[in-house]
Structure formats: structure tokens, C-alpha cells
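First up is the structure itself, then whatever we jot down about it.
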Amino acid sequence: VLTLPSSLLDLTMSEYDTFARFYDLEYLKFTDDLDFYHNMAQRAGSPILELACGSGRVLLPLARAGHTITGIDISPPMLEIAREKVAAEEAAVQQRITLIQGDMRRFRLKPRFCLAYYAINSFMHLSTPADQARSLKCVHKHLAEGGLLIVDIFNPELALFDSSGRMFYERSMSDVKTGTTITKMVSTSVD
């Protein structure tokens, strides 16, 4: 696990620093996209770069399948969860994974990657066109010739959003580590 010096990065507190402990409750069982990433990894080869790797939901299955993968994330708590999961893996899987605390808008890594991806709407955390362009340019510099970039984002149907700011109950989840019931409430707004 590597942490880049802060002089190279403009690290800011991530919204996931406070949400990190709940992330897997929300997304760990979401596996609909894993076959897609496995297929793309088979096609492109290693090494692979995951931007905003979070707790390792996509990164770990790819490493288990034999791919060498680097995950970068700005959130130390998210990376700590990923590190705990990596530490529980067999040594061969651990050796294929590098985790880096860094900003996906500006980073410098030596390897050139055959595949890079922003999974499950991670690109949307770059909320300005300038930040999106910075990240894409940075990733481009790190892709090998002929490398593949995947940007997974949803196409919102704005008419479906209630942008009144009202809060709605979405669901309750049980945290198996603590036995606590977590209630998820949602309020949306359209920018």
C-alpha cells in the first residue's frame, strides 16, 4: 500500500470519509457490473488502474482472477477498508494489488496501464468540467498505447427526480459487524 506525499496532491476531505463504514452495506452485494469488468480485463490485459477504488468492490475480484491492479482513492477511510480486505486475501492476490491514496485529477505513477476505469458512477464525483478534464488527461498519460478507458456513468432521467428537497425513506440495512440497523433516507436535488 502506497501513500503519495501530500506535496504531489491537493488532497481534500472526501465525502466518503464519513460514509466509508456504510459503503459496503450499500454496494457490496451489487455485482451486476463485475462480469463486464472481468470481460474487459481479459480483453485488455494487465496492469489495470481503478480510479476511486473505494473499498475494493471491483478491484478484488479482478485481482482474484489473476490481474495486476492499482487502485487510487482520495479517502483514507475507504482505503483502510480496502486494505483490510486485501490483507484477508491469499498472498498471491495481495501481491497483485497496489492501493494508493491520491487524487484522481492529478497523480503520477510509473506503470502504463492496459485498462483504466471509473466504476459505478465514480467519475460523477468530479463535479466540474475542469476537474473531469484534469482527470481524463491524467489517466490518458497513464494508459499504454492502445489502452482501454471505461467511464461507467448512469444517464439520469431528470423527470424521475423529486428535486423538492423532501426526504424519503429508501430502506433499512443491518450492519453485520455491529448489529446496528441503518436507515437510509434520500433527498435529491438537480443541479
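The chains in the C-alpha cells are called A, B, ... from first to last as shown; in each chain the residues are counted from 1, and the ligands are counted from 1 in the order shown.
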Legend entry - Contacts of stretch 117-124 of chain A within 9 Å, only C-alpha atoms, excl. fewer than 3 positions in-chain, as number ranges by chain: A: 33, 37, 48-53, 58, 127, 132, 135, 148-154
Atoms kept (N, CA and C atoms) for selection, written as a PDB file, in the first residue's frame:
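Dumped to result-v7.pdb:
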ATOM      1  N   ASP A  33     -22.160  -5.463 -12.502  1.00  0.00           N
ATOM      2  CA  ASP A  33     -21.135  -4.991 -13.435  1.00  0.00           C
ATOM      3  C   ASP A  33     -19.859  -5.826 -13.425  1.00  0.00           C
ATOM      4  N   TYR A  37     -16.542  -6.053 -16.156  1.00  0.00           N
ATOM      5  CA  TYR A  37     -15.144  -5.705 -15.869  1.00  0.00           C
ATOM      6  C   TYR A  37     -14.211  -6.899 -16.069  1.00  0.00           C
ATOM      7  N   ILE A  48      -3.874  -2.961 -14.613  1.00  0.00           N
ATOM      8  CA  ILE A  48      -5.157  -2.264 -14.632  1.00  0.00           C
ATOM      9  C   ILE A  48      -5.127  -1.159 -13.588  1.00  0.00           C
ATOM     10  N   LEU A  49      -5.817  -0.061 -13.869  1.00  0.00           N
ATOM     11  CA  LEU A  49      -5.937   1.056 -12.937  1.00  0.00           C
ATOM     12  C   LEU A  49      -7.411   1.302 -12.648  1.00  0.00           C
ATOM     13  N   GLU A  50      -7.780   1.303 -11.367  1.00  0.00           N
ATOM     14  CA  GLU A  50      -9.137   1.690 -10.971  1.00  0.00           C
ATOM     15  C   GLU A  50      -9.077   3.040 -10.286  1.00  0.00           C
ATOM     16  N   LEU A  51      -9.825   4.006 -10.834  1.00  0.00           N
ATOM     17  CA  LEU A  51      -9.936   5.335 -10.252  1.00  0.00           C
ATOM     18  C   LEU A  51     -11.082   5.328  -9.255  1.00  0.00           C
ATOM     19  N   ALA A  52     -10.855   5.906  -8.064  1.00  0.00           N
ATOM     20  CA  ALA A  52     -11.866   5.909  -6.997  1.00  0.00           C
ATOM     21  C   ALA A  52     -12.232   4.471  -6.634  1.00  0.00           C
ATOM     22  N   CYS A  53     -11.228   3.705  -6.245  1.00  0.00           N
ATOM     23  CA  CYS A  53     -11.407   2.272  -5.992  1.00  0.00           C
ATOM     24  C   CYS A  53     -12.199   1.978  -4.731  1.00  0.00           C
ATOM     25  N   VAL A  58     -14.690  -3.781  -6.934  1.00  0.00           N
ATOM     26  CA  VAL A  58     -14.360  -4.290  -8.266  1.00  0.00           C
ATOM     27  C   VAL A  58     -12.914  -4.779  -8.309  1.00  0.00           C
ATOM     28  N   SER A 127     -17.168  16.994 -10.138  1.00  0.00           N
ATOM     29  CA  SER A 127     -18.399  17.736 -10.390  1.00  0.00           C
ATOM     30  C   SER A 127     -18.263  18.931 -11.323  1.00  0.00           C
ATOM     31  N   GLN A 132     -13.161  17.097 -14.420  1.00  0.00           N
ATOM     32  CA  GLN A 132     -13.316  15.936 -15.285  1.00  0.00           C
ATOM     33  C   GLN A 132     -12.212  15.897 -16.340  1.00  0.00           C
ATOM     34  N   SER A 135      -8.812  14.938 -14.780  1.00  0.00           N
ATOM     35  CA  SER A 135      -8.710  13.507 -14.508  1.00  0.00           C
ATOM     36  C   SER A 135      -8.512  12.712 -15.791  1.00  0.00           C
ATOM     37  N   LEU A 148      -7.322   0.822 -22.894  1.00  0.00           N
ATOM     38  CA  LEU A 148      -8.763   0.998 -22.881  1.00  0.00           C
ATOM     39  C   LEU A 148      -9.177   1.774 -21.637  1.00  0.00           C
ATOM     40  N   LEU A 149     -10.059   2.764 -21.789  1.00  0.00           N
ATOM     41  CA  LEU A 149     -10.615   3.525 -20.677  1.00  0.00           C
ATOM     42  C   LEU A 149     -12.122   3.290 -20.633  1.00  0.00           C
ATOM     43  N   ILE A 150     -12.630   2.978 -19.439  1.00  0.00           N
ATOM     44  CA  ILE A 150     -14.066   2.792 -19.228  1.00  0.00           C
ATOM     45  C   ILE A 150     -14.544   3.841 -18.238  1.00  0.00           C
ATOM     46  N   VAL A 151     -15.582   4.563 -18.622  1.00  0.00           N
ATOM     47  CA  VAL A 151     -16.217   5.542 -17.742  1.00  0.00           C
ATOM     48  C   VAL A 151     -17.659   5.076 -17.567  1.00  0.00           C
ATOM     49  N   ASP A 152     -17.975   4.534 -16.402  1.00  0.00           N
ATOM     50  CA  ASP A 152     -19.301   3.999 -16.125  1.00  0.00           C
ATOM     51  C   ASP A 152     -20.125   5.066 -15.409  1.00  0.00           C
ATOM     52  N   ILE A 153     -21.079   5.650 -16.120  1.00  0.00           N
ATOM     53  CA  ILE A 153     -21.975   6.630 -15.508  1.00  0.00           C
ATOM     54  C   ILE A 153     -23.398   6.325 -15.959  1.00  0.00           C
ATOM     55  N   PHE A 154     -24.349   6.704 -15.124  1.00  0.00           N
ATOM     56  CA  PHE A 154     -25.730   6.474 -15.499  1.00  0.00           C
ATOM     57  C   PHE A 154     -26.262   7.683 -16.257  1.00  0.00           C
TER      58      PHE A 154
END
Inset, instruction - Report the residues of stretch 36-171 of chain A whose backbone DSSP state falls under alpha helix (DSSP H), written as a ChimeraX atom specification. - result: /A:36-44,59-64,76-87,91-95,129-142
Inset, instruction - Calculate how many Å separate atom CA of A:Phe168 from atom CA of A:Val186, rounding to one decimal. - result: 5.2 Å
Inset, instruction - Compile the contact shell of A:Gly165 as a VMD selection string: residues with an atom at most 7 Å away, counting only C-alpha atoms, same-chain residues fewer than 2 positions apart removed. - result: chain A and resid 163 167 187 to 189
Writing out the chosen residues with N, CA and C atoms as a short mmCIF file (atom, residue, chain, number, x, y, z; two decimals), in the first residue's frame:
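File written: again19.cif
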data_model
loop_
_atom_site.label_atom_id
_atom_site.label_comp_id
_atom_site.auth_asym_id
_atom_site.auth_seq_id
_atom_site.Cartn_x
_atom_site.Cartn_y
_atom_site.Cartn_z
N SER A 163 -36.93 16.97 -6.96
CA SER A 163 -35.90 17.92 -6.53
C SER A 163 -36.43 18.93 -5.52
N MET A 167 -37.28 14.62 2.13
CA MET A 167 -36.54 13.42 2.48
C MET A 167 -37.49 12.22 2.42
N SER A 187 -32.67 12.43 -0.13
CA SER A 187 -33.20 13.70 -0.58
C SER A 187 -32.43 14.08 -1.84
N THR A 188 -33.12 14.39 -2.93
CA THR A 188 -32.42 14.68 -4.18
C THR A 188 -32.62 16.14 -4.58
N SER A 189 -31.66 16.60 -5.32
CA SER A 189 -31.77 17.91 -5.94
C SER A 189 -31.11 17.82 -7.30
#
Inset, instruction - With a distance cut-off of 10 Å and only C-alpha atoms, select the neighbouring residues of stretch 82-84 of chain A, excluding the residue or stretch itself and same-chain residues fewer than 5 positions from it, and output the selection as a PyMOL selection string. - result: chain A and resi 1+53-57+59-60+71+76-77+89+94+97-99
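If only C-alpha atoms are the atoms counted, then among A:Lys184, A:Pro61, A:Lys137, A:Asn155 the closest residue to A:Tyr169 is A:Lys184.
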According to DSSP computed on the backbone, where in chain A is there strand (DSSP E or B)? Give the residues as an mmCIF file with N, CA and C atoms, in the first residue's frame.
data_model
loop_
_atom_site.group_PDB
_atom_site.id
_atom_site.type_symbol
_atom_site.label_atom_id
_atom_site.label_comp_id
_atom_site.auth_asym_id
_atom_site.auth_seq_id
_atom_site.Cartn_x
_atom_site.Cartn_y
_atom_site.Cartn_z
ATOM 1 N N LEU A 2 0.587 2.158 -0.878
ATOM 2 C CA LEU A 2 1.416 3.334 -1.069
ATOM 3 C C LEU A 2 0.587 4.579 -0.813
ATOM 4 N N THR A 3 1.153 5.544 -0.107
ATOM 5 C CA THR A 3 0.526 6.846 0.055
ATOM 6 C C THR A 3 1.443 7.865 -0.583
ATOM 7 N N ILE A 48 -3.874 -2.961 -14.613
ATOM 8 C CA ILE A 48 -5.157 -2.264 -14.632
ATOM 9 C C ILE A 48 -5.127 -1.159 -13.588
ATOM 10 N N LEU A 49 -5.817 -0.061 -13.869
ATOM 11 C CA LEU A 49 -5.937 1.056 -12.937
ATOM 12 C C LEU A 49 -7.411 1.302 -12.648
ATOM 13 N N GLU A 50 -7.780 1.303 -11.367
ATOM 14 C CA GLU A 50 -9.137 1.690 -10.971
ATOM 15 C C GLU A 50 -9.077 3.040 -10.286
ATOM 16 N N LEU A 51 -9.825 4.006 -10.834
ATOM 17 C CA LEU A 51 -9.936 5.335 -10.252
ATOM 18 C C LEU A 51 -11.082 5.328 -9.255
ATOM 19 N N ILE A 69 -3.451 -5.052 -10.489
ATOM 20 C CA ILE A 69 -4.324 -3.885 -10.456
ATOM 21 C C ILE A 69 -3.877 -2.874 -9.409
ATOM 22 N N THR A 70 -3.943 -1.602 -9.801
ATOM 23 C CA THR A 70 -3.665 -0.491 -8.902
ATOM 24 C C THR A 70 -4.960 0.258 -8.680
ATOM 25 N N GLY A 71 -5.277 0.525 -7.423
ATOM 26 C CA GLY A 71 -6.458 1.302 -7.082
ATOM 27 C C GLY A 71 -6.036 2.607 -6.447
ATOM 28 N N ILE A 72 -6.646 3.691 -6.881
ATOM 29 C CA ILE A 72 -6.362 5.001 -6.319
ATOM 30 C C ILE A 72 -7.656 5.573 -5.754
ATOM 31 N N ASP A 73 -7.572 6.159 -4.562
ATOM 32 C CA ASP A 73 -8.737 6.777 -3.934
ATOM 33 C C ASP A 73 -8.255 7.899 -3.030
ATOM 34 N N ILE A 97 -2.070 -6.479 -6.030
ATOM 35 C CA ILE A 97 -2.823 -5.258 -5.721
ATOM 36 C C ILE A 97 -1.905 -4.183 -5.147
ATOM 37 N N THR A 98 -2.043 -2.975 -5.686
ATOM 38 C CA THR A 98 -1.397 -1.788 -5.120
ATOM 39 C C THR A 98 -2.498 -0.778 -4.844
ATOM 40 N N LEU A 99 -2.539 -0.267 -3.618
ATOM 41 C CA LEU A 99 -3.513 0.753 -3.243
ATOM 42 C C LEU A 99 -2.781 2.060 -2.996
ATOM 43 N N ILE A 100 -3.309 3.135 -3.552
ATOM 44 C CA ILE A 100 -2.654 4.439 -3.455
ATOM 45 C C ILE A 100 -3.662 5.483 -2.999
ATOM 46 N N GLN A 101 -3.282 6.235 -1.981
ATOM 47 C CA GLN A 101 -4.093 7.388 -1.606
ATOM 48 C C GLN A 101 -3.693 8.518 -2.529
ATOM 49 N N ASP A 103 -5.389 11.711 -5.545
ATOM 50 C CA ASP A 103 -6.447 12.470 -6.192
ATOM 51 C C ASP A 103 -6.526 12.031 -7.651
ATOM 52 N N ARG A 106 -5.036 14.291 -10.404
ATOM 53 C CA ARG A 106 -3.594 14.504 -10.579
ATOM 54 C C ARG A 106 -2.821 13.477 -9.743
ATOM 55 N N PHE A 113 -0.897 1.571 -18.045
ATOM 56 C CA PHE A 113 -1.958 0.604 -17.818
ATOM 57 C C PHE A 113 -2.645 0.209 -19.115
ATOM 58 N N CYS A 114 -2.973 -1.074 -19.219
ATOM 59 C CA CYS A 114 -3.706 -1.591 -20.379
ATOM 60 C C CYS A 114 -5.187 -1.247 -20.290
ATOM 61 N N LEU A 115 -5.670 -1.102 -19.067
ATOM 62 C CA LEU A 115 -7.074 -0.797 -18.813
ATOM 63 C C LEU A 115 -7.149 0.152 -17.632
ATOM 64 N N ALA A 116 -7.974 1.173 -17.747
ATOM 65 C CA ALA A 116 -8.288 2.064 -16.625
ATOM 66 C C ALA A 116 -9.795 2.241 -16.606
ATOM 67 N N TYR A 117 -10.352 2.373 -15.424
ATOM 68 C CA TYR A 117 -11.806 2.545 -15.354
ATOM 69 C C TYR A 117 -12.230 3.330 -14.123
ATOM 70 N N TYR A 118 -13.360 4.011 -14.292
ATOM 71 C CA TYR A 118 -14.104 4.652 -13.210
ATOM 72 C C TYR A 118 -15.381 3.818 -13.092
ATOM 73 N N LEU A 143 -2.155 5.586 -19.653
ATOM 74 C CA LEU A 143 -2.585 4.443 -20.460
ATOM 75 C C LEU A 143 -1.480 4.019 -21.426
ATOM 76 N N ALA A 144 -1.298 2.734 -21.561
ATOM 77 C CA ALA A 144 -0.385 2.203 -22.562
ATOM 78 C C ALA A 144 -0.974 2.469 -23.942
ATOM 79 N N GLU A 145 -0.127 2.437 -24.956
ATOM 80 C CA GLU A 145 -0.632 2.609 -26.316
ATOM 81 C C GLU A 145 -1.675 1.527 -26.586
ATOM 82 N N GLY A 146 -2.836 1.937 -27.066
ATOM 83 C CA GLY A 146 -3.933 1.001 -27.310
ATOM 84 C C GLY A 146 -4.713 0.651 -26.058
ATOM 85 N N GLY A 147 -4.383 1.307 -24.939
ATOM 86 C CA GLY A 147 -5.071 1.036 -23.682
ATOM 87 C C GLY A 147 -6.541 1.430 -23.740
ATOM 88 N N LEU A 148 -7.322 0.822 -22.894
ATOM 89 C CA LEU A 148 -8.763 0.998 -22.881
ATOM 90 C C LEU A 148 -9.177 1.774 -21.637
ATOM 91 N N LEU A 149 -10.059 2.764 -21.789
ATOM 92 C CA LEU A 149 -10.615 3.525 -20.677
ATOM 93 C C LEU A 149 -12.122 3.290 -20.633
ATOM 94 N N ILE A 150 -12.630 2.978 -19.439
ATOM 95 C CA ILE A 150 -14.066 2.792 -19.228
ATOM 96 C C ILE A 150 -14.544 3.841 -18.238
ATOM 97 N N VAL A 151 -15.582 4.563 -18.622
ATOM 98 C CA VAL A 151 -16.217 5.542 -17.742
ATOM 99 C C VAL A 151 -17.659 5.076 -17.567
ATOM 100 N N PHE A 168 -36.995 11.125 1.803
ATOM 101 C CA PHE A 168 -37.772 9.907 1.642
ATOM 102 C C PHE A 168 -37.024 8.730 2.263
ATOM 103 N N TYR A 169 -37.782 7.812 2.851
ATOM 104 C CA TYR A 169 -37.229 6.555 3.344
ATOM 105 C C TYR A 169 -36.926 5.672 2.138
ATOM 106 N N GLU A 170 -35.691 5.154 2.052
ATOM 107 C CA GLU A 170 -35.374 4.222 0.968
ATOM 108 C C GLU A 170 -35.380 2.789 1.459
ATOM 109 N N ARG A 171 -34.647 2.524 2.557
ATOM 110 C CA ARG A 171 -34.618 1.165 3.074
ATOM 111 C C ARG A 171 -33.832 1.113 4.370
ATOM 112 N N SER A 172 -33.908 -0.021 5.041
ATOM 113 C CA SER A 172 -33.118 -0.276 6.239
ATOM 114 C C SER A 172 -32.171 -1.423 5.956
ATOM 115 N N MET A 173 -30.992 -1.353 6.561
ATOM 116 C CA MET A 173 -29.966 -2.378 6.371
ATOM 117 C C MET A 173 -29.428 -2.766 7.744
ATOM 118 N N SER A 174 -28.920 -3.971 7.867
ATOM 119 C CA SER A 174 -28.332 -4.422 9.113
ATOM 120 C C SER A 174 -26.813 -4.494 8.964
ATOM 121 N N THR A 181 -29.014 -1.422 13.088
ATOM 122 C CA THR A 181 -29.873 -1.213 11.926
ATOM 123 C C THR A 181 -29.616 0.186 11.403
ATOM 124 N N ILE A 182 -29.332 0.279 10.120
ATOM 125 C CA ILE A 182 -29.056 1.550 9.469
ATOM 126 C C ILE A 182 -30.264 1.880 8.597
ATOM 127 N N THR A 183 -30.786 3.070 8.737
ATOM 128 C CA THR A 183 -31.897 3.523 7.916
ATOM 129 C C THR A 183 -31.369 4.511 6.889
ATOM 130 N N LYS A 184 -31.658 4.254 5.634
ATOM 131 C CA LYS A 184 -31.221 5.140 4.560
ATOM 132 C C LYS A 184 -32.379 6.032 4.135
ATOM 133 N N MET A 185 -32.146 7.326 4.261
ATOM 134 C CA MET A 185 -33.097 8.344 3.830
ATOM 135 C C MET A 185 -32.450 9.072 2.651
ATOM 136 N N VAL A 186 -33.262 9.484 1.679
ATOM 137 C CA VAL A 186 -32.734 10.112 0.472
ATOM 138 C C VAL A 186 -33.450 11.431 0.215
#
Legend entry - Selected residue, from A:Lys110, A:Lys141, A:Arg21, A:Arg64, that lies nearest to A:Gln95 when counting only C-alpha atoms: A:Arg64
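The shortest atom-to-atom distance to A:Arg108, with only C-alpha atoms taken into account, belongs to A:Val139 out of A:Val139, A:Leu34, A:Leu62, A:Met40.
When only C-alpha atoms are used to measure the gap to A:Thr18, the shortest distance among A:Met104, A:Leu136, A:Met78, A:Val176 belongs to A:Met78.
Atom CA of A:Lys85 lies 23.3 Å from atom CA of A:Gly45.
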